[in-house]
$ cat run.tsv   # TSV, C-alpha atoms
chain	number	residue	atom	x	y	z
I	1	MET	CA	0.00	0.00	0.00
I	2	PRO	CA	1.53	3.38	-0.96
I	3	SER	CA	2.63	5.61	1.90
I	4	ASN	CA	1.09	8.71	0.36
I	5	PRO	CA	-1.65	10.00	2.73
I	6	GLN	CA	-3.94	10.40	-0.27
I	7	TYR	CA	-4.25	6.61	-0.46
I	8	LYS	CA	-5.54	6.18	3.09
I	9	PHE	CA	-9.02	6.14	1.57
I	10	LEU	CA	-8.13	2.80	-0.02
I	11	ARG	CA	-6.74	1.19	3.11
I	12	HIS	CA	-7.33	-2.53	3.52
I	13	ALA	CA	-9.86	-3.80	6.04
I	14	PRO	CA	-10.52	-7.41	7.09
I	15	ARG	CA	-11.86	-9.30	4.10
I	16	ASP	CA	-14.40	-11.20	6.19
I	17	GLY	CA	-16.18	-8.06	7.38
I	18	LEU	CA	-17.70	-8.83	10.79
I	19	SER	CA	-15.75	-11.12	13.09
I	20	THR	CA	-17.29	-14.34	14.31
I	21	ALA	CA	-17.78	-12.75	17.74
I	22	ASP	CA	-19.94	-10.01	16.31
I	23	LYS	CA	-23.60	-10.73	15.68
I	24	PRO	CA	-25.35	-8.63	13.05
I	25	SER	CA	-28.00	-6.36	14.48
I	26	ARG	CA	-31.65	-6.49	13.48
I	27	TRP	CA	-31.06	-3.48	11.23
I	28	HIS	CA	-28.18	-5.24	9.49
I	29	ARG	CA	-30.31	-8.31	8.91
I	30	LEU	CA	-32.90	-6.01	7.29
I	31	HIS	CA	-30.07	-4.34	5.35
I	32	ILE	CA	-31.01	-0.88	6.59
I	33	ASP	CA	-28.75	1.72	8.16
I	34	PRO	CA	-30.94	3.29	10.89
I	35	TRP	CA	-28.93	6.52	11.19
I	36	LEU	CA	-29.00	7.26	7.48
I	37	CYS	CA	-32.67	6.28	7.28
I	38	MET	CA	-33.58	8.61	10.18
I	39	LEU	CA	-31.77	11.54	8.54
I	40	LEU	CA	-33.55	10.91	5.24
I	41	VAL	CA	-36.95	10.81	6.93
I	42	LEU	CA	-36.24	14.12	8.69
I	43	ASN	CA	-35.12	15.68	5.42
I	44	ALA	CA	-38.23	14.40	3.63
I	45	LEU	CA	-40.56	15.84	6.29
I	46	LEU	CA	-38.75	19.18	6.12
I	47	GLY	CA	-39.03	19.14	2.33
I	48	LEU	CA	-42.78	18.47	2.42
I	49	THR	CA	-43.24	21.30	4.92
I	50	ALA	CA	-41.34	23.75	2.72
I	51	LEU	CA	-43.17	22.57	-0.40
I	52	TYR	CA	-46.59	23.09	1.20
I	53	SER	CA	-45.77	26.76	1.73
I	54	ALA	CA	-43.83	27.34	-1.49
I	55	SER	CA	-46.63	25.82	-3.60
I	56	ALA	CA	-49.25	28.13	-2.04
I	57	GLN	CA	-50.70	25.27	0.02
I	58	ASP	CA	-51.25	23.07	-3.02
I	59	VAL	CA	-52.35	19.85	-1.32
I	60	MET	CA	-52.33	17.92	-4.60
I	61	MET	CA	-48.69	18.80	-5.25
I	62	VAL	CA	-47.70	17.85	-1.70
I	63	SER	CA	-49.60	14.56	-2.05
I	64	LYS	CA	-47.71	13.71	-5.26
I	65	GLN	CA	-44.42	14.55	-3.56
I	66	THR	CA	-45.38	12.38	-0.58
I	67	MET	CA	-46.13	9.52	-2.96
I	68	SER	CA	-42.73	10.02	-4.61
I	69	PHE	CA	-41.06	9.80	-1.21
I	70	GLY	CA	-43.03	6.63	-0.45
I	71	ILE	CA	-41.96	5.04	-3.74
I	72	GLY	CA	-38.42	6.24	-3.13
I	73	PHE	CA	-38.19	4.59	0.29
I	74	VAL	CA	-39.56	1.34	-1.16
I	75	VAL	CA	-36.94	1.49	-3.93
I	76	MET	CA	-34.21	2.26	-1.37
I	77	ILE	CA	-35.11	-0.67	0.88
I	78	SER	CA	-35.47	-3.00	-2.12
I	79	LEU	CA	-32.08	-2.09	-3.57
I	80	ALA	CA	-30.48	-2.42	-0.14
I	81	GLN	CA	-31.36	-6.13	-0.16
I	82	ILE	CA	-29.21	-6.73	-3.25
I	83	SER	CA	-25.56	-7.63	-2.71
I	84	PRO	CA	-22.94	-5.15	-3.98
I	85	LYS	CA	-21.51	-8.01	-6.03
I	86	VAL	CA	-24.66	-7.89	-8.16
I	87	TYR	CA	-24.23	-4.15	-8.77
I	88	GLN	CA	-20.60	-4.75	-9.63
I	89	THR	CA	-21.51	-7.53	-12.10
I	90	PHE	CA	-24.25	-5.60	-13.89
I	91	ALA	CA	-22.56	-2.15	-13.83
I	92	PRO	CA	-21.26	-2.30	-17.45
I	93	TYR	CA	-24.63	-3.51	-18.76
I	94	PHE	CA	-26.45	-0.72	-16.96
I	95	TYR	CA	-23.94	1.79	-18.36
I	96	ILE	CA	-24.45	0.49	-21.90
I	97	PHE	CA	-28.22	0.67	-21.41
I	98	GLY	CA	-27.84	4.30	-20.30
I	99	ILE	CA	-25.74	5.17	-23.36
I	100	LEU	CA	-28.25	3.55	-25.72
I	101	SER	CA	-31.07	5.44	-24.00
I	102	LEU	CA	-29.24	8.74	-24.50
I	103	LEU	CA	-28.73	7.91	-28.17
I	104	ALA	CA	-32.45	7.13	-28.40
I	105	VAL	CA	-33.19	10.61	-27.05
I	106	ILE	CA	-31.19	12.11	-29.91
I	107	ALA	CA	-32.99	9.91	-32.45
I	108	PHE	CA	-36.64	10.28	-31.37
I	109	GLY	CA	-36.82	12.06	-28.02
I	110	GLU	CA	-39.51	14.55	-27.02
I	111	VAL	CA	-38.76	18.28	-27.27
I	112	ARG	CA	-40.00	20.43	-24.38
I	113	LEU	CA	-39.12	24.09	-23.89
I	114	GLY	CA	-36.39	23.84	-26.51
I	115	ALA	CA	-34.68	20.80	-24.93
I	116	GLN	CA	-34.74	17.19	-26.16
I	117	ARG	CA	-34.35	15.17	-22.95
I	118	TRP	CA	-37.29	12.76	-22.70
I	119	ILE	CA	-38.47	9.51	-24.29
I	120	ASP	CA	-42.20	8.85	-24.39
I	121	ILE	CA	-43.00	5.22	-23.57
I	122	PRO	CA	-46.61	4.32	-24.49
I	123	GLY	CA	-48.59	3.25	-21.45
I	124	PHE	CA	-45.86	4.37	-19.05
I	125	GLY	CA	-45.17	8.05	-19.68
I	126	SER	CA	-42.07	10.12	-20.27
I	127	VAL	CA	-38.65	9.00	-19.05
I	128	GLN	CA	-35.52	11.12	-18.76
I	129	PRO	CA	-32.59	8.75	-19.51
I	130	SER	CA	-29.99	11.17	-18.13
I	131	GLU	CA	-31.29	10.27	-14.65
I	132	PHE	CA	-30.11	6.68	-15.20
I	133	MET	CA	-26.54	7.88	-15.59
I	134	LYS	CA	-26.53	9.50	-12.15
I	135	ILE	CA	-26.38	5.93	-10.86
I	136	GLY	CA	-24.76	4.24	-13.84
I	137	MET	CA	-21.72	6.52	-14.03
I	138	PRO	CA	-20.19	5.88	-10.57
I	139	LEU	CA	-21.08	2.18	-10.76
I	140	MET	CA	-19.33	1.83	-14.11
I	141	ILE	CA	-16.15	3.75	-13.30
I	142	ALA	CA	-15.82	1.97	-9.94
I	143	TRP	CA	-16.30	-1.38	-11.73
I	144	PHE	CA	-13.58	-0.60	-14.25
I	145	LEU	CA	-11.04	0.76	-11.75
I	146	SER	CA	-11.59	-1.89	-9.06
I	147	ARG	CA	-10.75	-4.66	-11.58
I	148	ASN	CA	-7.19	-3.35	-11.80
I	149	PRO	CA	-4.48	-2.47	-9.26
I	150	LEU	CA	-4.92	0.87	-7.54
I	151	PRO	CA	-3.87	3.62	-7.90
I	152	PRO	CA	-4.78	3.38	-11.60
I	153	SER	CA	-2.24	3.47	-14.37
I	154	PHE	CA	-2.14	6.31	-16.88
I	155	LYS	CA	-3.79	4.03	-19.48
I	156	ASN	CA	-6.70	3.23	-17.16
I	157	VAL	CA	-7.10	6.91	-16.30
I	158	ILE	CA	-7.47	7.74	-20.00
I	159	ILE	CA	-9.97	4.93	-20.53
I	160	SER	CA	-11.95	6.15	-17.49
I	161	LEU	CA	-12.02	9.68	-18.89
I	162	VAL	CA	-13.42	8.37	-22.17
I	163	LEU	CA	-16.12	6.44	-20.28
I	164	ILE	CA	-16.95	9.61	-18.33
I	165	GLY	CA	-16.83	11.95	-21.32
I	166	LEU	CA	-19.20	10.03	-23.61
I	167	PRO	CA	-22.41	10.42	-21.54
I	168	PHE	CA	-21.34	13.92	-20.52
I	169	LEU	CA	-21.27	15.05	-24.16
I	170	LEU	CA	-24.52	13.26	-25.02
I	171	ILE	CA	-26.38	14.93	-22.14
I	172	ALA	CA	-24.81	18.34	-22.75
I	173	GLU	CA	-26.03	18.14	-26.35
I	174	GLN	CA	-29.70	17.79	-25.28
I	175	PRO	CA	-28.96	20.52	-23.94
I	176	ASP	CA	-28.85	19.86	-20.17
I	177	LEU	CA	-25.67	21.44	-18.87
I	178	GLY	CA	-26.60	21.11	-15.19
I	179	THR	CA	-27.22	17.34	-15.28
I	180	SER	CA	-24.23	16.73	-17.54
I	181	LEU	CA	-21.90	18.51	-15.10
I	182	LEU	CA	-23.30	16.54	-12.15
I	183	ILE	CA	-22.75	13.24	-13.97
I	184	LEU	CA	-19.27	14.35	-15.00
I	185	ALA	CA	-18.48	15.12	-11.36
I	186	SER	CA	-19.73	11.72	-10.15
I	187	GLY	CA	-17.33	9.94	-12.51
I	188	LEU	CA	-14.40	12.21	-11.67
I	189	PHE	CA	-14.98	11.64	-7.95
I	190	VAL	CA	-14.51	7.89	-8.43
I	191	LEU	CA	-11.32	8.56	-10.35
I	192	PHE	CA	-10.03	10.89	-7.63
I	193	LEU	CA	-10.84	8.46	-4.82
I	194	SER	CA	-9.03	5.67	-6.64
I	195	GLY	CA	-5.77	7.37	-5.70
I	196	LEU	CA	-4.68	9.70	-8.51
I	197	THR	CA	-1.28	11.24	-8.02
I	198	TRP	CA	-1.17	14.98	-7.45
I	199	LYS	CA	0.82	15.27	-10.67
I	200	MET	CA	-2.15	13.86	-12.61
I	201	ILE	CA	-4.57	16.10	-10.73
I	202	LEU	CA	-2.55	19.23	-11.52
I	203	ALA	CA	-2.31	18.14	-15.16
I	204	ALA	CA	-6.10	17.76	-15.24
I	205	VAL	CA	-6.56	21.25	-13.79
I	206	ALA	CA	-4.23	22.66	-16.45
I	207	ALA	CA	-6.16	20.81	-19.18
I	208	ALA	CA	-9.43	22.20	-17.82
I	209	GLY	CA	-7.97	25.69	-18.10
I	210	ILE	CA	-7.48	25.07	-21.80
I	211	ILE	CA	-10.82	23.34	-22.40
I	212	VAL	CA	-13.02	25.96	-20.69
I	213	PRO	CA	-12.36	28.77	-23.24
I	214	VAL	CA	-12.92	26.32	-26.10
I	215	ALA	CA	-16.19	25.14	-24.54
I	216	TRP	CA	-17.29	28.75	-24.08
I	217	GLU	CA	-16.83	29.49	-27.77
I	218	PHE	CA	-18.00	26.28	-29.42
I	219	LEU	CA	-20.02	24.12	-26.99
I	220	LEU	CA	-22.18	26.45	-24.90
I	221	HIS	CA	-25.46	27.74	-26.29
I	222	ASN	CA	-26.21	31.46	-26.26
I	223	TYR	CA	-28.63	31.22	-23.32
I	224	GLN	CA	-26.01	29.31	-21.32
I	225	ARG	CA	-23.43	32.03	-21.92
I	226	GLN	CA	-26.03	34.60	-20.90
I	227	ARG	CA	-26.57	32.80	-17.60
I	228	VAL	CA	-22.87	33.03	-16.81
I	229	LEU	CA	-22.76	36.72	-17.70
I	230	THR	CA	-25.88	37.37	-15.62
I	231	LEU	CA	-24.09	35.89	-12.60
I	232	PHE	CA	-21.63	38.78	-12.56
I	233	ASN	CA	-24.15	41.54	-13.23
I	234	PRO	CA	-27.79	40.48	-12.73
I	235	GLU	CA	-28.91	44.13	-12.56
I	236	ALA	CA	-27.95	44.58	-16.22
I	237	ASP	CA	-31.22	42.86	-17.14
I	238	SER	CA	-33.21	43.06	-13.92
I	239	LEU	CA	-36.55	42.35	-15.61
I	240	GLY	CA	-35.20	39.55	-17.79
I	241	THR	CA	-32.39	37.08	-17.15
I	242	GLY	CA	-31.44	38.70	-13.85
I	243	TRP	CA	-34.94	38.57	-12.36
I	244	ASN	CA	-34.61	35.11	-10.77
I	245	ILE	CA	-31.34	35.88	-8.99
I	246	ILE	CA	-32.45	39.32	-7.77
I	247	GLN	CA	-35.74	38.02	-6.35
I	248	SER	CA	-34.03	34.99	-4.86
I	249	LYS	CA	-31.45	37.08	-3.00
I	250	THR	CA	-34.21	39.42	-1.85
I	251	ALA	CA	-36.13	36.48	-0.38
I	252	ILE	CA	-33.04	35.10	1.36
I	253	GLY	CA	-32.06	38.47	2.81
I	254	SER	CA	-35.56	39.34	4.00
I	255	GLY	CA	-35.69	36.17	6.11
I	256	GLY	CA	-33.18	37.53	8.58
I	257	PHE	CA	-32.09	35.39	11.53
I	258	ILE	CA	-35.31	33.55	12.42
I	259	GLY	CA	-37.45	34.20	9.31
I	260	LYS	CA	-40.87	35.70	8.78
I	261	GLY	CA	-42.67	32.56	9.92
I	262	PHE	CA	-44.29	29.57	8.26
I	263	LEU	CA	-46.65	30.60	5.40
I	264	GLU	CA	-45.63	34.25	5.86
I	265	GLY	CA	-43.16	34.58	2.98
I	266	THR	CA	-44.09	37.44	0.65
I	267	GLN	CA	-41.68	36.85	-2.25
I	268	THR	CA	-43.20	33.44	-2.94
I	269	HIS	CA	-46.84	34.04	-2.08
I	270	LEU	CA	-46.97	37.27	-4.06
I	271	HIS	CA	-45.34	35.46	-7.01
I	272	PHE	CA	-42.18	37.58	-7.17
I	273	LEU	CA	-40.01	34.47	-6.85
I	274	PRO	CA	-40.32	32.19	-9.90
I	275	GLU	CA	-39.96	28.42	-9.53
I	276	GLY	CA	-40.29	28.81	-5.78
I	277	HIS	CA	-41.38	25.19	-5.38
I	278	THR	CA	-38.62	23.67	-7.55
I	279	ASP	CA	-35.13	25.04	-8.18
I	280	PHE	CA	-35.51	28.11	-5.94
I	281	ILE	CA	-37.28	26.47	-3.02
I	282	ILE	CA	-34.40	27.17	-0.65
I	283	ALA	CA	-35.01	30.92	-1.16
I	284	ALA	CA	-38.67	30.49	-0.17
I	285	TYR	CA	-37.61	28.32	2.77
I	286	SER	CA	-34.99	30.86	3.87
I	287	GLU	CA	-37.50	33.71	3.81
I	288	GLU	CA	-39.84	31.89	6.19
I	289	PHE	CA	-37.33	30.14	8.48
I	290	GLY	CA	-34.33	32.48	8.26
I	291	LEU	CA	-30.71	31.69	9.00
I	292	MET	CA	-31.63	29.24	11.77
I	293	GLY	CA	-33.79	27.17	9.43
I	294	VAL	CA	-31.15	27.10	6.71
I	295	ALA	CA	-28.50	26.10	9.28
I	296	PHE	CA	-30.69	23.19	10.40
I	297	LEU	CA	-31.22	22.09	6.79
I	298	PHE	CA	-27.50	22.23	6.00
I	299	ALA	CA	-26.75	20.35	9.23
I	300	LEU	CA	-29.01	17.53	7.97
I	301	TYR	CA	-27.19	17.51	4.63
I	302	PHE	CA	-23.83	17.51	6.41
I	303	LEU	CA	-24.79	14.54	8.59
I	304	ILE	CA	-26.06	12.58	5.58
I	305	ILE	CA	-22.80	13.18	3.70
I	306	MET	CA	-20.65	12.30	6.71
I	307	ARG	CA	-22.63	9.12	7.33
I	308	ILE	CA	-22.13	7.95	3.73
I	309	LEU	CA	-18.41	8.79	3.89
I	310	SER	CA	-18.17	6.82	7.12
I	311	ILE	CA	-19.83	3.83	5.42
I	312	SER	CA	-17.42	4.22	2.52
I	313	LEU	CA	-14.31	4.31	4.72
I	314	ASN	CA	-15.40	1.23	6.67
I	315	CYS	CA	-16.19	-0.84	3.58
I	316	PHE	CA	-13.82	-3.80	3.12
I	317	HIS	CA	-13.67	-3.86	-0.70
I	318	ASN	CA	-12.46	-1.25	-3.18
I	319	TYR	CA	-15.61	-1.31	-5.30
I	320	GLY	CA	-17.87	-0.41	-2.39
I	321	ARG	CA	-15.51	2.28	-1.13
I	322	LEU	CA	-15.30	3.95	-4.53
I	323	VAL	CA	-19.06	3.84	-5.17
I	324	ALA	CA	-20.14	5.06	-1.73
I	325	GLY	CA	-17.46	7.77	-1.60
I	326	SER	CA	-18.46	9.05	-5.03
I	327	LEU	CA	-22.16	9.10	-4.13
I	328	ALA	CA	-21.42	11.08	-0.96
I	329	LEU	CA	-19.40	13.70	-2.84
I	330	SER	CA	-21.99	13.83	-5.64
I	331	PHE	CA	-24.72	14.52	-3.08
I	332	PHE	CA	-22.58	17.37	-1.75
I	333	VAL	CA	-22.29	18.81	-5.27
I	334	TYR	CA	-26.09	18.70	-5.74
I	335	VAL	CA	-26.56	20.74	-2.56
I	336	PHE	CA	-23.68	23.12	-3.27
I	337	VAL	CA	-24.71	23.87	-6.88
I	338	ASN	CA	-28.35	24.55	-6.00
I	339	ALA	CA	-27.51	26.69	-2.97
I	340	GLY	CA	-24.82	28.48	-4.98
I	341	MET	CA	-27.07	29.38	-7.91
I	342	VAL	CA	-29.92	30.53	-5.63
I	343	SER	CA	-27.60	32.76	-3.59
I	344	GLY	CA	-25.94	34.24	-6.68
I	345	ILE	CA	-22.45	32.72	-6.49
I	346	LEU	CA	-22.99	30.21	-9.33
I	347	PRO	CA	-24.83	30.45	-12.67
I	348	VAL	CA	-28.42	29.19	-12.83
I	349	VAL	CA	-28.23	25.65	-14.26
I	350	GLY	CA	-31.54	24.14	-13.17
I	351	VAL	CA	-30.34	21.71	-10.49
I	352	PRO	CA	-33.01	20.78	-7.88
I	353	LEU	CA	-32.26	20.84	-4.15
I	354	PRO	CA	-32.24	17.23	-2.84
I	355	PHE	CA	-35.43	16.26	-0.95
I	356	MET	CA	-36.71	19.85	-1.04
I	357	SER	CA	-37.48	20.71	-4.67
I	358	TYR	CA	-40.65	19.31	-6.24
I	359	GLY	CA	-40.01	16.43	-8.62
I	360	GLY	CA	-40.57	12.70	-8.31
I	361	THR	CA	-37.87	11.40	-10.65
I	362	ALA	CA	-35.06	13.18	-8.81
I	363	ILE	CA	-36.28	11.89	-5.44
I	364	ILE	CA	-36.58	8.27	-6.57
I	365	THR	CA	-33.13	8.41	-8.21
I	366	LEU	CA	-31.58	9.78	-5.02
I	367	MET	CA	-33.30	7.16	-2.87
I	368	ALA	CA	-31.97	4.48	-5.21
I	369	THR	CA	-28.42	5.70	-4.59
I	370	PHE	CA	-28.98	5.54	-0.82
I	371	GLY	CA	-30.26	1.99	-1.24
I	372	ILE	CA	-26.97	1.06	-2.93
I	373	VAL	CA	-25.05	2.72	-0.07
I	374	MET	CA	-27.02	0.70	2.50
I	375	SER	CA	-26.33	-2.46	0.51
I	376	ILE	CA	-22.61	-1.71	0.63
I	377	HIS	CA	-22.81	-1.12	4.38
I	378	THR	CA	-24.91	-4.12	5.43
I	379	HIS	CA	-23.68	-6.89	3.11
I	380	ARG	CA	-20.44	-8.22	4.57
$ encode --input "run.tsv" --output "structure tokens"
Amino acid sequence: MPSNPQYKFLRHAPRDGLSTADKPSRWHRLHIDPWLCMLLVLNALLGLTALYSASAQDVMMVSKQTMSFGIGFVVMISLAQISPKVYQTFAPYFYIFGILSLLAVIAFGEVRLGAQRWIDIPGFGSVQPSEFMKIGMPLMIAWFLSRNPLPPSFKNVIISLVLIGLPFLLIAEQPDLGTSLLILASGLFVLFLSGLTWKMILAAVAAAGIIVPVAWEFLLHNYQRQRVLTLFNPEADSLGTGWNIIQSKTAIGSGGFIGKGFLEGTQTHLHFLPEGHTDFIIAAYSEEFGLMGVAFLFALYFLIIMRILSISLNCFHNYGRLVAGSLALSFFVYVFVNAGMVSGILPVVGVPLPFMSYGGTAIITLMATFGIVMSIHTHR
């Protein structure tokens, strides 16, 4: 094992998991992590509370979100029963299925609001294949890297980058820059946790410095460039592209330390804040619950991330460590990007806030990832 501190993440643990003297708890026999499950339930209840206010007390919308959470918890518990070896075996097939689905979107996908991201399945409804890759990407890269000695060789790093880059480009072409960047990050996190040398990391940073100007000129659409420019000067078009950011920051600032009170937010209820129940729900939540409410929400997110990282570090096989560690860092990115765009420090890219924003597909996908984490933790 290399002496570099960076490789401590990949330290070896006993291959047999629990010792013969240790008896698995009832929770382990059910393949559920009680701490992580408790944190998810608290976050779900907080999200439903915020949604009820942000949606102007729309009971139907809250009911649909509650149903999504119910389905999500069933999916999580079901996936937790499956051994990580099964995920490892089927990872490449799931990745190939995701790639074929993205190609199908290009061929005959639905166009909504200028974006081609959905496939209409008769009798089932619309499906967004990019959601599959949020799970498929870390599973695939972890599968590939864990089959070879770690840290990875330069050849395996290049192959991993190709595997990461293909779905990234297909999703960015839809266009869906926000989702494509999140999926790119999930793959890069696996690569980083596999033990890249700092020389490779610095080389990657230098390459990114070259790629970004090229992407700005040739890959980004005009509206995407406008979003970046609006970030630096939203007042330049206060009634157009800058409206969302200005109203969002107004809502956050008006909440103060303890907030205006539940159902008392004016920016949302008077319809100044657009998308207050989806991407900008944290602004509506901040207005009503203030700094104390936001601190409590971020504390929940922090505990969820730390619990998954703890599960990752205590896993006794490389595949599980890489997958769980990547999912923890990806969850952090979801929170950071949404909070950053709502507070005006990142461009608006349309990333929902986990467990808070309205949307069933995102919730079920997230719960599926937590099911995989619990599987990694409870199957020894």
$ closest_residue --input "run.tsv" --among "I:Ile82, I:Ala50, I:Met292, I:Ile258" --to "Phe280 (chain I)" --atoms "all atoms listed in the file"
I:Ala50
$ residues_around --input "run.tsv" --residues "region 145-148 of chain I" --least-positions-apart "2" --cutoff "8 Å" --atoms "all atoms listed in the file" --output "JSON, numbers by chain"
{"I": [141, 142, 143, 150, 152, 156, 160, 191, 194, 318, 319]}
$ closest_residue --input "run.tsv" --among "I:Ala251, I:Ala56, I:Ala206, I:Met200" --to "Leu263 (chain I)" --atoms "all atoms listed in the file"
I:Ala56
$ atom_distance --input "run.tsv" --atom1 "CA of Ile376 (chain I)" --atom2 "CA of Ser83 (chain I)"
7.4 Å
$ atom_distance --input "run.tsv" --atom1 "CA of His269 (chain I)" --atom2 "CA of Leu46 (chain I)"
18.8 Å
$ closest_residue --input "run.tsv" --among "I:Val323, I:Ala215, I:Ala208, I:Ala295" --to "Phe192 (chain I)" --atoms "only C-alpha atoms"
I:Val323
$ atom_distance --input "run.tsv" --atom1 "CA of Arg29 (chain I)" --atom2 "CA of Ile372 (chain I)"
15.5 Å
$ closest_residue --input "run.tsv" --among "I:Phe132, I:Phe189, I:Tyr358, I:Trp198" --to "Pro167 (chain I)" --atoms "all atoms listed in the file"
I:Phe132
$ residues_around --input "run.tsv" --residues "Ile246 (chain I)" --least-positions-apart "2" --cutoff "10 Å" --atoms "only C-alpha atoms" --output "list of chain:residue names"
I:Pro234, I:Glu235, I:Ser238, I:Leu239, I:Thr241, I:Gly242, I:Trp243, I:Asn244, I:Ser248, I:Lys249, I:Thr250, I:Ala251, I:Phe272, I:Leu273, I:Val342, I:Ser343, I:Gly344
$ closest_residue --input "run.tsv" --among "I:Ile245, I:Ala328, I:Ile345, I:Val59" --to "Pro138 (chain I)" --atoms "all atoms listed in the file"
I:Ala328
$ closest_residue --input "run.tsv" --among "I:Leu329, I:Met356, I:Ile308, I:Ile183" --to "Thr66 (chain I)" --atoms "all atoms listed in the file"
I:Met356
$ residues_around --input "run.tsv" --residues "Pro34 (chain I)" --least-positions-apart "5" --cutoff "12 Å" --atoms "all atoms listed in the file" --output "NGL selection string"
:I and (25-29 or 39-41 or 77 or 304 or 307 or 374 or 377-378)
$ residues_around --input "run.tsv" --residues "Val294 (chain I)" --least-positions-apart "6" --cutoff "10 Å" --atoms "only C-alpha atoms" --output "list in words"
Ile252, Phe257, Ile258, Gly259, Ile282, Ala283, Tyr285, Ser286, Glu287, Glu288 and Leu300 of chain I
$ write_last_selection --input "run.tsv" --atoms "C-alpha atoms" --output "PDB file, keeping the file's coordinate frame"
ATOM      1  CA  ILE I 252     -33.040  35.100   1.360  1.00  0.00           C
ATOM      2  CA  PHE I 257     -32.090  35.390  11.530  1.00  0.00           C
ATOM      3  CA  ILE I 258     -35.310  33.550  12.420  1.00  0.00           C
ATOM      4  CA  GLY I 259     -37.450  34.200   9.310  1.00  0.00           C
ATOM      5  CA  ILE I 282     -34.400  27.170  -0.650  1.00  0.00           C
ATOM      6  CA  ALA I 283     -35.010  30.920  -1.160  1.00  0.00           C
ATOM      7  CA  TYR I 285     -37.610  28.320   2.770  1.00  0.00           C
ATOM      8  CA  SER I 286     -34.990  30.860   3.870  1.00  0.00           C
ATOM      9  CA  GLU I 287     -37.500  33.710   3.810  1.00  0.00           C
ATOM     10  CA  GLU I 288     -39.840  31.890   6.190  1.00  0.00           C
ATOM     11  CA  LEU I 300     -29.010  17.530   7.970  1.00  0.00           C
TER      12      LEU I 300
END
$ residues_around --input "run.tsv" --residues "Tyr93 (chain I)" --least-positions-apart "3" --cutoff "12 Å" --atoms "all atoms listed in the file" --output "MDAnalysis selection string"
chainID I and resid 86:90 96:100 133 136:137 139:140 143
$ build_atoms --input "run.tsv" --residues "region 132-143 of chain I" --atoms "N, CA and C atoms" --output "short mmCIF file (atom, residue, chain, number, x, y, z; two decimals), keeping the file's coordinate frame"
data_model
loop_
_atom_site.label_atom_id
_atom_site.label_comp_id
_atom_site.auth_asym_id
_atom_site.auth_seq_id
_atom_site.Cartn_x
_atom_site.Cartn_y
_atom_site.Cartn_z
N PHE I 132 -30.71 8.00 -15.38
CA PHE I 132 -30.11 6.68 -15.20
C PHE I 132 -28.61 6.80 -14.98
N MET I 133 -27.98 7.77 -15.65
CA MET I 133 -26.54 7.88 -15.59
C MET I 133 -26.05 8.43 -14.26
N LYS I 134 -26.94 9.05 -13.49
CA LYS I 134 -26.53 9.50 -12.15
C LYS I 134 -26.14 8.32 -11.28
N ILE I 135 -26.74 7.16 -11.56
CA ILE I 135 -26.38 5.93 -10.86
C ILE I 135 -25.37 5.14 -11.68
N GLY I 136 -25.60 5.06 -12.98
CA GLY I 136 -24.76 4.24 -13.84
C GLY I 136 -23.32 4.70 -13.92
N MET I 137 -23.09 6.02 -13.88
CA MET I 137 -21.72 6.52 -14.03
C MET I 137 -20.79 6.06 -12.90
N PRO I 138 -21.11 6.34 -11.62
CA PRO I 138 -20.19 5.88 -10.57
C PRO I 138 -20.06 4.37 -10.50
N LEU I 139 -21.16 3.63 -10.76
CA LEU I 139 -21.08 2.18 -10.76
C LEU I 139 -20.12 1.67 -11.82
N MET I 140 -20.17 2.28 -13.00
CA MET I 140 -19.33 1.83 -14.11
C MET I 140 -17.86 2.14 -13.87
N ILE I 141 -17.55 3.38 -13.49
CA ILE I 141 -16.15 3.75 -13.30
C ILE I 141 -15.54 2.98 -12.14
N ALA I 142 -16.32 2.78 -11.07
CA ALA I 142 -15.82 1.97 -9.94
C ALA I 142 -15.59 0.53 -10.38
N TRP I 143 -16.49 -0.01 -11.21
CA TRP I 143 -16.30 -1.38 -11.73
C TRP I 143 -15.01 -1.48 -12.52
#
